[in-house]
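**Student:** This is the structure I want to talk about, given as structure tokens.
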Amino acid sequence: MKSMHLWTGVLAVSFAVAALAHHGWSGYDTTLVKLSGTIEASSYANPHGTATLKTDDATWKVILAPPGRMESRGLSKEMLVAGASAQVEGYVHLEDKSEMRAERITVGGKTVELR
């Protein structure tokens, strides 16, 4: 019985940590912003990919879609290489003004809808 309570507690904590790790989209503005720049780095990992985009006047953390969705829509890991030019449309974070949630990305002449 003691071990059952222990496992129940472990599972509850695990779910709480997972929920905190993945954020919702309510923390982003509702005005669509368009950026153009060069990818400096990228991550193709769950829960969603990211890219660091260097524009003329700033460096942005761009939140992309989950890898499975990006892959199924034609945005491969190889397209998000450092040095590639990209255009991103999305919404700026309300508190972290250097972060954007991307709705679509154009890289290598291909536009991919992310949401």
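Chain labels follow the order of the structure tokens: the first chain is A, the next B, and so on; residue numbering restarts at 1 in every chain, and ligands are counted from 1 in their shown order.
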Do you know which residues are at most 12 Å from Lys110 of chain A counting only C-alpha atoms, after dropping those on the same chain fewer than 5 positions away, and could you put them as an MDAnalysis selection string?
**Tutor:** chainID A and resid 73:76 79:80 85:88 104:105
**Student:** Which residues come within 12 Å of Glu71 of chain A, counting only C-alpha atoms, excluding same-chain residues fewer than 4 positions away, as number ranges by chain?
**Tutor:** A: 44-45, 48-49, 64-67, 75-80, 112-114
**Student:** Residues near Asp56 of chain A, anyone? I mean within 12 Å using only C-alpha atoms, not counting same-chain ones fewer than 6 positions away, as a PyMOL selection string.
**Tutor:** chain A and resi 35-38
**Student:** Might you pull out every residue within 12 Å of Met100 of chain A, with only C-alpha atoms counted and same-chain residues fewer than 4 positions away left off, and present them as a PyMOL selection string?
**Tutor:** chain A and resi 25+27-35+50-53+59-65+88-96+104-105
**Student:** Write the residues of the selection above to a file with C-alpha atoms, as a short mmCIF file (atom, residue, chain, number, x, y, z; two decimals), in the first residue's frame.
**Tutor:**
```cif
data_model
loop_
_atom_site.label_atom_id
_atom_site.label_comp_id
_atom_site.auth_asym_id
_atom_site.auth_seq_id
_atom_site.Cartn_x
_atom_site.Cartn_y
_atom_site.Cartn_z
CA TRP A 25 0.10 30.61 -26.25
CA GLY A 27 1.47 34.91 -23.29
CA TYR A 28 1.88 36.16 -26.86
CA ASP A 29 0.61 39.31 -28.56
CA THR A 30 -2.14 39.02 -31.18
CA THR A 31 -0.50 41.31 -33.76
CA LEU A 32 1.23 39.41 -36.57
CA VAL A 33 4.88 40.44 -37.02
CA LYS A 34 7.13 39.59 -39.98
CA LEU A 35 10.88 39.13 -39.57
CA THR A 50 13.28 26.54 -31.98
CA ALA A 51 15.48 28.75 -34.10
CA THR A 52 17.69 31.68 -33.25
CA LEU A 53 17.11 34.29 -35.94
CA THR A 59 18.41 38.37 -32.24
CA TRP A 60 15.16 36.45 -31.80
CA LYS A 61 14.25 33.13 -30.22
CA VAL A 62 11.64 31.70 -32.59
CA ILE A 63 9.32 29.00 -31.24
CA LEU A 64 8.46 26.59 -34.05
CA ALA A 65 6.10 23.59 -34.23
CA VAL A 88 9.18 34.24 -40.12
CA GLU A 89 5.65 35.44 -39.39
CA GLY A 90 4.33 35.17 -35.87
CA TYR A 91 3.50 36.72 -32.55
CA VAL A 92 5.87 38.39 -30.06
CA HIS A 93 5.89 37.23 -26.44
CA LEU A 94 4.22 39.77 -24.12
CA GLU A 95 7.05 39.75 -21.56
CA ASP A 96 10.11 38.49 -23.46
CA ARG A 104 4.83 30.22 -40.71
CA ILE A 105 8.41 30.17 -41.88
#
```
**Student:** Please give the complete set of residues from segment 10-87 of chain A that DSSP, run on the backbone, assigns to helix (DSSP H, G or I), formatted as JSON, numbers by chain.
**Tutor:** {"A": [10, 11, 12, 13, 14, 15, 16, 17, 18, 19, 20, 21, 67, 68, 69, 70, 71, 72, 77, 78, 79, 80]}
**Student:** DSSP on the backbone, then: every residue of chain A marked strand (DSSP E), written as a PyMOL selection string.
**Tutor:** chain A and resi 33-43+50-54+59-63+85-92+99-107+110-113
**Student:** Kindly save the residues from that selection, with C-alpha atoms included, as a short mmCIF file (atom, residue, chain, number, x, y, z; two decimals), in the first residue's frame.
**Tutor:**
```cif
data_model
loop_
_atom_site.label_atom_id
_atom_site.label_comp_id
_atom_site.auth_asym_id
_atom_site.auth_seq_id
_atom_site.Cartn_x
_atom_site.Cartn_y
_atom_site.Cartn_z
CA VAL A 33 4.88 40.44 -37.02
CA LYS A 34 7.13 39.59 -39.98
CA LEU A 35 10.88 39.13 -39.57
CA SER A 36 13.67 38.39 -42.02
CA GLY A 37 17.14 37.29 -41.07
CA THR A 38 19.70 34.54 -40.81
CA ILE A 39 19.36 31.39 -38.73
CA GLU A 40 22.19 31.26 -36.19
CA ALA A 41 21.14 28.02 -34.46
CA SER A 42 18.18 25.67 -34.30
CA SER A 43 16.71 22.81 -32.31
CA THR A 50 13.28 26.54 -31.98
CA ALA A 51 15.48 28.75 -34.10
CA THR A 52 17.69 31.68 -33.25
CA LEU A 53 17.11 34.29 -35.94
CA LYS A 54 19.49 37.23 -36.38
CA THR A 59 18.41 38.37 -32.24
CA TRP A 60 15.16 36.45 -31.80
CA LYS A 61 14.25 33.13 -30.22
CA VAL A 62 11.64 31.70 -32.59
CA ILE A 63 9.32 29.00 -31.24
CA SER A 85 18.11 32.95 -44.73
CA ALA A 86 14.60 32.81 -43.30
CA GLN A 87 11.44 34.86 -43.09
CA VAL A 88 9.18 34.24 -40.12
CA GLU A 89 5.65 35.44 -39.39
CA GLY A 90 4.33 35.17 -35.87
CA TYR A 91 3.50 36.72 -32.55
CA VAL A 92 5.87 38.39 -30.06
CA GLU A 99 10.79 35.70 -28.39
CA MET A 100 8.32 34.95 -31.18
CA ARG A 101 5.80 32.11 -31.69
CA ALA A 102 5.99 31.40 -35.40
CA GLU A 103 2.88 30.79 -37.50
CA ARG A 104 4.83 30.22 -40.71
CA ILE A 105 8.41 30.17 -41.88
CA THR A 106 9.96 30.55 -45.32
CA VAL A 107 13.37 28.97 -45.74
CA LYS A 110 9.64 27.08 -49.24
CA THR A 111 6.90 28.46 -46.98
CA VAL A 112 5.64 26.12 -44.26
CA GLU A 113 2.54 26.68 -42.12
#
```
